[in-house]
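Shown next: data_35.pdb, given as PDB, C-alpha atoms, pLDDT in the B column.
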ATOM      1  CA  ILE A 171      21.950  -9.889   3.653  1.00 45.00           C
ATOM      2  CA  ASN A 172      24.127 -12.805   4.656  1.00 51.00           C
ATOM      3  CA  SER A 173      21.817 -13.813   7.499  1.00 58.00           C
ATOM      4  CA  ASP A 174      18.653 -13.737   5.352  1.00 55.00           C
ATOM      5  CA  GLN A 175      17.430 -17.307   5.230  1.00 59.00           C
ATOM      6  CA  LEU A 176      16.006 -16.876   1.731  1.00 56.00           C
ATOM      7  CA  GLN A 177      19.403 -15.712   0.406  1.00 57.00           C
ATOM      8  CA  VAL A 178      17.956 -13.287  -2.125  1.00 59.00           C
ATOM      9  CA  ASN A 179      20.167 -11.644  -4.699  1.00 59.00           C
ATOM     10  CA  PRO A 180      20.561  -7.961  -3.691  1.00 58.00           C
ATOM     11  CA  CYS A 181      20.708  -6.981  -7.374  1.00 61.00           C
ATOM     12  CA  GLU A 182      17.159  -8.171  -7.977  1.00 59.00           C
ATOM     13  CA  TYR A 183      14.076  -5.972  -7.503  1.00 55.00           C
ATOM     14  CA  PRO A 184      12.288  -8.002  -4.811  1.00 74.00           C
ATOM     15  CA  PHE A 185      15.283  -7.470  -2.544  1.00 83.00           C
ATOM     16  CA  LEU A 186      14.212  -3.871  -1.878  1.00 89.00           C
ATOM     17  CA  GLN A 187      10.703  -4.871  -0.841  1.00 92.00           C
ATOM     18  CA  ARG A 188      12.109  -7.576   1.438  1.00 93.00           C
ATOM     19  CA  TYR A 189      14.473  -5.028   2.957  1.00 93.00           C
ATOM     20  CA  ALA A 190      11.640  -2.494   3.415  1.00 96.00           C
ATOM     21  CA  LEU A 191       9.434  -5.090   5.091  1.00 97.00           C
ATOM     22  CA  GLY A 192      12.306  -6.083   7.373  1.00 96.00           C
ATOM     23  CA  VAL A 193      12.821  -2.463   8.411  1.00 97.00           C
ATOM     24  CA  PHE A 194       9.042  -2.136   8.943  1.00 98.00           C
ATOM     25  CA  TYR A 195       9.080  -5.264  11.130  1.00 98.00           C
ATOM     26  CA  PHE A 196      11.816  -3.913  13.392  1.00 98.00           C
ATOM     27  CA  ALA A 197      10.389  -0.361  13.443  1.00 98.00           C
ATOM     28  CA  MET A 198       7.044  -1.795  14.586  1.00 98.00           C
ATOM     29  CA  ASN A 199       8.478  -4.193  17.199  1.00 98.00           C
ATOM     30  CA  GLY A 200       7.533  -7.233  15.150  1.00 98.00           C
ATOM     31  CA  ASP A 201       8.675  -9.714  17.785  1.00 98.00           C
ATOM     32  CA  ASP A 202       5.748  -8.516  19.948  1.00 98.00           C
ATOM     33  CA  TRP A 203       3.041  -8.699  17.280  1.00 98.00           C
ATOM     34  CA  ASN A 204      -0.002 -10.878  17.876  1.00 98.00           C
ATOM     35  CA  ASP A 205       0.843 -12.735  14.680  1.00 98.00           C
ATOM     36  CA  ASN A 206       4.211 -12.469  12.947  1.00 98.00           C
ATOM     37  CA  SER A 207       4.007 -15.819  11.183  1.00 98.00           C
ATOM     38  CA  LEU A 208       6.848 -16.354   8.701  1.00 98.00           C
ATOM     39  CA  TRP A 209       8.162 -12.771   8.960  1.00 98.00           C
ATOM     40  CA  LEU A 210      11.929 -12.659   8.421  1.00 95.00           C
ATOM     41  CA  SER A 211      11.934 -16.379   7.706  1.00 94.00           C
ATOM     42  CA  GLY A 212      13.254 -18.179   4.663  1.00 90.00           C
ATOM     43  CA  SER A 213       9.795 -17.935   3.125  1.00 93.00           C
ATOM     44  CA  PRO A 214       9.029 -15.396   0.398  1.00 92.00           C
ATOM     45  CA  GLU A 215       7.413 -12.194   1.667  1.00 95.00           C
ATOM     46  CA  CYS A 216       4.111 -13.132   0.031  1.00 94.00           C
ATOM     47  CA  ARG A 217       3.703 -15.898   2.598  1.00 96.00           C
ATOM     48  CA  TRP A 218       4.297 -13.614   5.580  1.00 98.00           C
ATOM     49  CA  PHE A 219       1.246 -12.911   7.724  1.00 98.00           C
ATOM     50  CA  GLY A 220      -0.574  -9.775   6.571  1.00 98.00           C
ATOM     51  CA  VAL A 221       1.379  -9.404   3.331  1.00 98.00           C
ATOM     52  CA  LEU A 222      -0.421  -9.980   0.061  1.00 98.00           C
ATOM     53  CA  CYS A 223       1.051 -10.009  -3.399  1.00 96.00           C
ATOM     54  CA  SER A 224      -0.084  -9.065  -6.849  1.00 93.00           C
ATOM     55  CA  THR A 225      -2.147 -11.503  -8.889  1.00 91.00           C
ATOM     56  CA  VAL A 226      -0.200 -10.373 -11.935  1.00 91.00           C
ATOM     57  CA  ASP A 227       3.239 -10.990 -10.411  1.00 89.00           C
ATOM     58  CA  PRO A 228       3.071 -13.251  -7.349  1.00 89.00           C
ATOM     59  CA  GLU A 229       6.462 -12.024  -6.074  1.00 90.00           C
ATOM     60  CA  ILE A 230       5.491  -8.357  -5.893  1.00 94.00           C
ATOM     61  CA  VAL A 231       3.996  -7.092  -2.617  1.00 97.00           C
ATOM     62  CA  SER A 232       0.796  -5.105  -3.116  1.00 97.00           C
ATOM     63  CA  VAL A 233      -0.870  -5.067   0.333  1.00 98.00           C
ATOM     64  CA  ILE A 234       0.222  -4.724   3.952  1.00 98.00           C
ATOM     65  CA  ASN A 235      -2.793  -5.679   6.068  1.00 98.00           C
ATOM     66  CA  LEU A 236      -1.966  -5.779   9.786  1.00 98.00           C
ATOM     67  CA  PRO A 237      -4.926  -4.375  11.748  1.00 98.00           C
ATOM     68  CA  GLN A 238      -5.215  -5.158  15.454  1.00 98.00           C
ATOM     69  CA  ASN A 239      -1.822  -6.832  15.504  1.00 98.00           C
ATOM     70  CA  ASN A 240      -0.048  -4.947  18.327  1.00 98.00           C
ATOM     71  CA  LEU A 241       2.158  -2.848  16.056  1.00 98.00           C
ATOM     72  CA  LYS A 242       4.113  -0.273  18.100  1.00 98.00           C
ATOM     73  CA  GLY A 243       6.476   2.252  16.598  1.00 98.00           C
ATOM     74  CA  THR A 244       6.686   4.690  13.713  1.00 98.00           C
ATOM     75  CA  ILE A 245       6.223   4.066  10.007  1.00 97.00           C
ATOM     76  CA  PRO A 246       9.720   3.955   8.521  1.00 98.00           C
ATOM     77  CA  PRO A 247      10.403   5.899   5.300  1.00 96.00           C
ATOM     78  CA  GLU A 248      11.694   2.654   3.769  1.00 96.00           C
ATOM     79  CA  ILE A 249       8.061   1.642   3.234  1.00 96.00           C
ATOM     80  CA  SER A 250       8.367   3.656   0.021  1.00 94.00           C
ATOM     81  CA  GLN A 251      10.647   0.912  -1.343  1.00 94.00           C
ATOM     82  CA  ILE A 252       7.535  -1.178  -2.050  1.00 95.00           C
ATOM     83  CA  PRO A 253       6.483   0.756  -5.181  1.00 91.00           C
ATOM     84  CA  ASN A 254       3.537  -1.482  -6.093  1.00 94.00           C
ATOM     85  CA  LEU A 255       1.863  -1.128  -2.707  1.00 95.00           C
ATOM     86  CA  ILE A 256      -1.837  -0.423  -3.265  1.00 96.00           C
ATOM     87  CA  ALA A 257      -3.092  -0.859   0.308  1.00 97.00           C
ATOM     88  CA  PHE A 258      -1.435   0.021   3.604  1.00 97.00           C
ATOM     89  CA  LEU A 259      -3.798  -1.070   6.384  1.00 98.00           C
ATOM     90  CA  ILE A 260      -2.418  -0.819   9.922  1.00 98.00           C
ATOM     91  CA  ASN A 261      -5.484   0.387  11.795  1.00 98.00           C
ATOM     92  CA  ASP A 262      -6.225  -0.370  15.459  1.00 98.00           C
ATOM     93  CA  ASN A 263      -2.643  -0.618  16.687  1.00 98.00           C
ATOM     94  CA  GLN A 264      -0.281   1.623  18.659  1.00 98.00           C
ATOM     95  CA  VAL A 265       1.547   3.271  15.778  1.00 98.00           C
ATOM     96  CA  SER A 266       2.911   6.715  16.635  1.00 98.00           C
ATOM     97  CA  GLY A 267       4.779   9.522  14.922  1.00 97.00           C
ATOM     98  CA  ASN A 268       4.177  11.349  11.668  1.00 95.00           C
ATOM     99  CA  ILE A 269       3.277  10.033   8.237  1.00 92.00           C
ATOM    100  CA  PRO A 270       6.626   9.837   6.434  1.00 92.00           C
ATOM    101  CA  SER A 271       6.808  12.149   3.416  1.00 88.00           C
ATOM    102  CA  ASP A 272       8.209   9.235   1.404  1.00 89.00           C
ATOM    103  CA  ILE A 273       4.670   7.816   1.331  1.00 88.00           C
ATOM    104  CA  GLY A 274       4.175   9.991  -1.755  1.00 84.00           C
ATOM    105  CA  LEU A 275       6.546   7.736  -3.669  1.00 88.00           C
ATOM    106  CA  LEU A 276       3.874   5.030  -3.534  1.00 90.00           C
ATOM    107  CA  LYS A 277       2.114   6.171  -6.709  1.00 89.00           C
ATOM    108  CA  GLN A 278      -0.091   3.045  -6.812  1.00 92.00           C
ATOM    109  CA  LEU A 279      -1.419   3.577  -3.265  1.00 93.00           C
ATOM    110  CA  GLN A 280      -5.224   3.377  -3.175  1.00 94.00           C
ATOM    111  CA  ALA A 281      -6.006   2.618   0.482  1.00 95.00           C
ATOM    112  CA  PHE A 282      -4.307   4.193   3.502  1.00 94.00           C
ATOM    113  CA  ASP A 283      -5.854   3.169   6.829  1.00 97.00           C
ATOM    114  CA  VAL A 284      -4.154   4.221  10.049  1.00 97.00           C
ATOM    115  CA  GLU A 285      -7.315   4.650  12.142  1.00 97.00           C
ATOM    116  CA  ASN A 286      -7.217   4.141  15.898  1.00 98.00           C
ATOM    117  CA  ASN A 287      -3.502   4.601  16.474  1.00 98.00           C
ATOM    118  CA  MET A 288      -1.439   7.268  18.222  1.00 98.00           C
ATOM    119  CA  MET A 289      -0.138   9.099  15.165  1.00 97.00           C
ATOM    120  CA  SER A 290       0.480  12.847  15.218  1.00 96.00           C
ATOM    121  CA  GLY A 291       1.652  15.729  13.086  1.00 92.00           C
ATOM    122  CA  PRO A 292       0.016  16.927   9.902  1.00 88.00           C
ATOM    123  CA  LEU A 293      -2.291  14.522   8.093  1.00 84.00           C
ATOM    124  CA  PHE A 294      -2.565  16.602   4.979  1.00 76.00           C
ATOM    125  CA  ILE A 295       1.004  16.339   3.762  1.00 72.00           C
ATOM    126  CA  ASP A 296       1.421  17.067   0.063  1.00 72.00           C
ATOM    127  CA  GLU A 297       3.059  13.725  -0.602  1.00 70.00           C
ATOM    128  CA  LEU A 298       0.075  11.685   0.568  1.00 69.00           C
ATOM    129  CA  PHE A 299      -2.120  13.462  -1.940  1.00 67.00           C
ATOM    130  CA  GLU A 300       0.150  12.663  -4.863  1.00 68.00           C
ATOM    131  CA  THR A 301      -1.269   9.144  -4.852  1.00 65.00           C
ATOM    132  CA  ASN A 302      -4.500   7.712  -6.273  1.00 81.00           C
ATOM    133  CA  LEU A 303      -6.357   7.232  -2.994  1.00 86.00           C
ATOM    134  CA  PHE A 304      -9.761   5.573  -2.847  1.00 91.00           C
ATOM    135  CA  ILE A 305      -9.675   5.237   0.946  1.00 92.00           C
ATOM    136  CA  LEU A 306      -8.156   7.583   3.505  1.00 90.00           C
ATOM    137  CA  ALA A 307      -8.999   6.514   7.050  1.00 94.00           C
ATOM    138  CA  ALA A 308      -7.133   8.312   9.804  1.00 93.00           C
ATOM    139  CA  SER A 309      -9.644   8.986  12.572  1.00 95.00           C
ATOM    140  CA  ASN A 310      -8.847   8.570  16.281  1.00 96.00           C
ATOM    141  CA  ASN A 311      -5.267   9.813  16.084  1.00 95.00           C
ATOM    142  CA  ASP A 312      -3.692  13.123  17.081  1.00 95.00           C
ATOM    143  CA  PHE A 313      -3.239  14.625  13.624  1.00 92.00           C
ATOM    144  CA  THR A 314      -3.160  18.399  13.302  1.00 89.00           C
ATOM    145  CA  GLY A 315      -4.154  20.917  10.679  1.00 83.00           C
ATOM    146  CA  THR A 316      -7.187  21.766   8.604  1.00 80.00           C
ATOM    147  CA  ILE A 317      -8.645  20.109   5.533  1.00 76.00           C
ATOM    148  CA  PRO A 318      -7.335  22.010   2.521  1.00 74.00           C
ATOM    149  CA  ALA A 319      -9.873  21.869  -0.326  1.00 72.00           C
ATOM    150  CA  ASN A 320      -7.102  21.906  -2.902  1.00 73.00           C
ATOM    151  CA  LYS A 321      -5.871  18.537  -1.541  1.00 67.00           C
ATOM    152  CA  ILE A 322      -9.189  16.696  -1.560  1.00 67.00           C
ATOM    153  CA  SER A 323     -10.556  17.832  -4.922  1.00 66.00           C
ATOM    154  CA  PRO A 324      -7.675  16.250  -6.935  1.00 68.00           C
ATOM    155  CA  LEU A 325      -8.719  12.850  -5.542  1.00 71.00           C
ATOM    156  CA  PRO A 326     -11.663  11.983  -7.815  1.00 75.00           C
ATOM    157  CA  ASN A 327     -11.680   8.326  -6.746  1.00 80.00           C
ATOM    158  CA  LEU A 328     -11.902   8.997  -3.010  1.00 78.00           C
ATOM    159  CA  VAL A 329     -14.901   7.028  -1.706  1.00 85.00           C
ATOM    160  CA  ARG A 330     -14.051   6.765   2.000  1.00 85.00           C
ATOM    161  CA  PHE A 331     -12.665   9.730   3.908  1.00 80.00           C
ATOM    162  CA  TRP A 332     -12.630   9.208   7.665  1.00 81.00           C
ATOM    163  CA  ILE A 333     -10.691  11.693   9.738  1.00 80.00           C
ATOM    164  CA  PHE A 334     -12.847  12.562  12.763  1.00 66.00           C
TER     165      PHE A 334
END

Represent the structure of the file as structure tokens.
Amino acid sequence: INSDQLQVNPCEYPFLQRYALGVFYFAMNGDDWNDNSLWLSGSPECRWFGVLCSTVDPEIVSVINLPQNNLKGTIPPEISQIPNLIAFLINDNQVSGNIPSDIGLLKQLQAFDVENNMMSGPLFIDELFETNLFILAASNNDFTGTIPANKISPLPNLVRFWIF
């Protein structure tokens, strides 16, 4: 906290999203990304490369969009500390490991794209299907398991489902 150039107040809500993004940066070897412009700088998170914020509240992160950016590592559970996240787009990288169960805490999540990575474990975790997904793209990974009908049918808004 003391070395954060923005000097945010830890009692304020945006602190948690800044913390979660910082953990994500280190978990994904952010120093080696193709573009890590303004990450961990004194700038607000909404100015960081690949981070977009809500049009309703310009301080609240709503999108992480980092395709083809040389991300390497596992998705940290702290990502769930960005409760207004509607899109998590990290396709075409070298992300490994399982989908953290904490992803289910992102009740606003509409797009989850982890295509063309090195992820493994079960794709159809209960927590992922407790969201309001429109897009689930997870092809070209090493996920295991079968497609349970009882998980897909409760997603009436699902318009893109890529898992081959």

- Task: Determine the residue set returned by the PyMOL selection byres ((chain A and resi 267) around 7) for the present structure, and present it as a ChimeraX atom specification.
- Result: /A:244,266,268-269,289-290

For the selection you just gave me, I'd like the residues written to a file as a PDB file, in the frame of the given file, keeping C-alpha atoms.
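Final file, selection.pdb:
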ATOM      1  CA  THR A 244       6.686   4.690  13.713  1.00 98.00           C
ATOM      2  CA  SER A 266       2.911   6.715  16.635  1.00 98.00           C
ATOM      3  CA  ASN A 268       4.177  11.349  11.668  1.00 95.00           C
ATOM      4  CA  ILE A 269       3.277  10.033   8.237  1.00 92.00           C
ATOM      5  CA  MET A 289      -0.138   9.099  15.165  1.00 97.00           C
ATOM      6  CA  SER A 290       0.480  12.847  15.218  1.00 96.00           C
TER       7      SER A 290
END

- Message: Calculated over only C-alpha atoms, which of the candidates A:Leu236, A:Leu325, A:Ile256, A:Ile317 has the smallest distance to A:Glu285?
- Response: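 Answer, going by the shortest atom-to-atom distance: A:Leu236.
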
- Message: So that I can see what lies close to A:Gly192, please list as a PyMOL selection string the residues with an atom at most 12 Å from it, counting only C-alpha atoms and leaving out residues fewer than 3 positions away in the same chain.
- Response: chain A and resi 171+174+185-189+195-201+206+208-211+215+218+246+248-249+251-252

- Message: Report, in Å to a single decimal, how far apart atom CA of A:Val284 and atom CA of A:Ala308 are.
- Response: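 About the pair atom CA of A:Ala308 and atom CA of A:Val284: they are 5.1 Å apart.
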
- Message: When you count all atoms listed in the file, which of these residues is closest to A:Glu297: A:Ser232, A:Ser250, A:Ser207, A:Thr225?
- Response: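 Checking each candidate against A:Glu297, we get A:Ser250 as the closest.
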
Set up a box along x, y and z of the file covering all listed atoms of stretch 305-321 of chain A, add 8 Å on every one of the six sides, and write the centre and edge lengths in Å to one decimal, as AutoDock Vina command-line options.
--center_x -6.5 --center_y 13.6 --center_z 7.1 --size_x 22.7 --size_y 32.8 --size_z 36.0

- Message: Which residues are near A:Asp227? Cut-off 12 Å, all atoms listed in the file, ignore same chain within fewer than 3 positions. Put them as a ChimeraX atom specification.
- Response: /A:184,216,222-224,230-232,254

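Excluding A:Leu293 itself and any same-chain residue fewer than 5 positions from it, the protein and nucleic acid residues within 12 Å of it, counting only C-alpha atoms, are A:Gly267, A:Asn268, A:Ile269, A:Pro270, A:Ser271, A:Ile273, A:Phe282, A:Asp283, A:Val284, A:Glu285, A:Leu298, A:Phe299, A:Leu306, A:Ala307, A:Ala308, A:Ser309, A:Asn311, A:Asp312, A:Phe313, A:Thr314, A:Gly315, A:Thr316, A:Ile317, A:Pro318, A:Lys321, A:Trp332, A:Ile333, A:Phe334.
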
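Closest approach to A:Glu229 among A:Gly274, A:Gly243, A:Pro214, A:Pro292 is made by A:Pro214 (distances from all atoms listed in the file).
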
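Computed from the coordinates, the atom CA of A:Val226 to atom CA of A:Arg330 distance equals 26.1 Å.
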
- Message: With distances taken over only C-alpha atoms, which residue among A:Gly212, A:Ala281, A:Pro247, A:Met288 lies nearest A:Val193?
- Response: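 Distance minimum relative to A:Val193 lands on A:Pro247.
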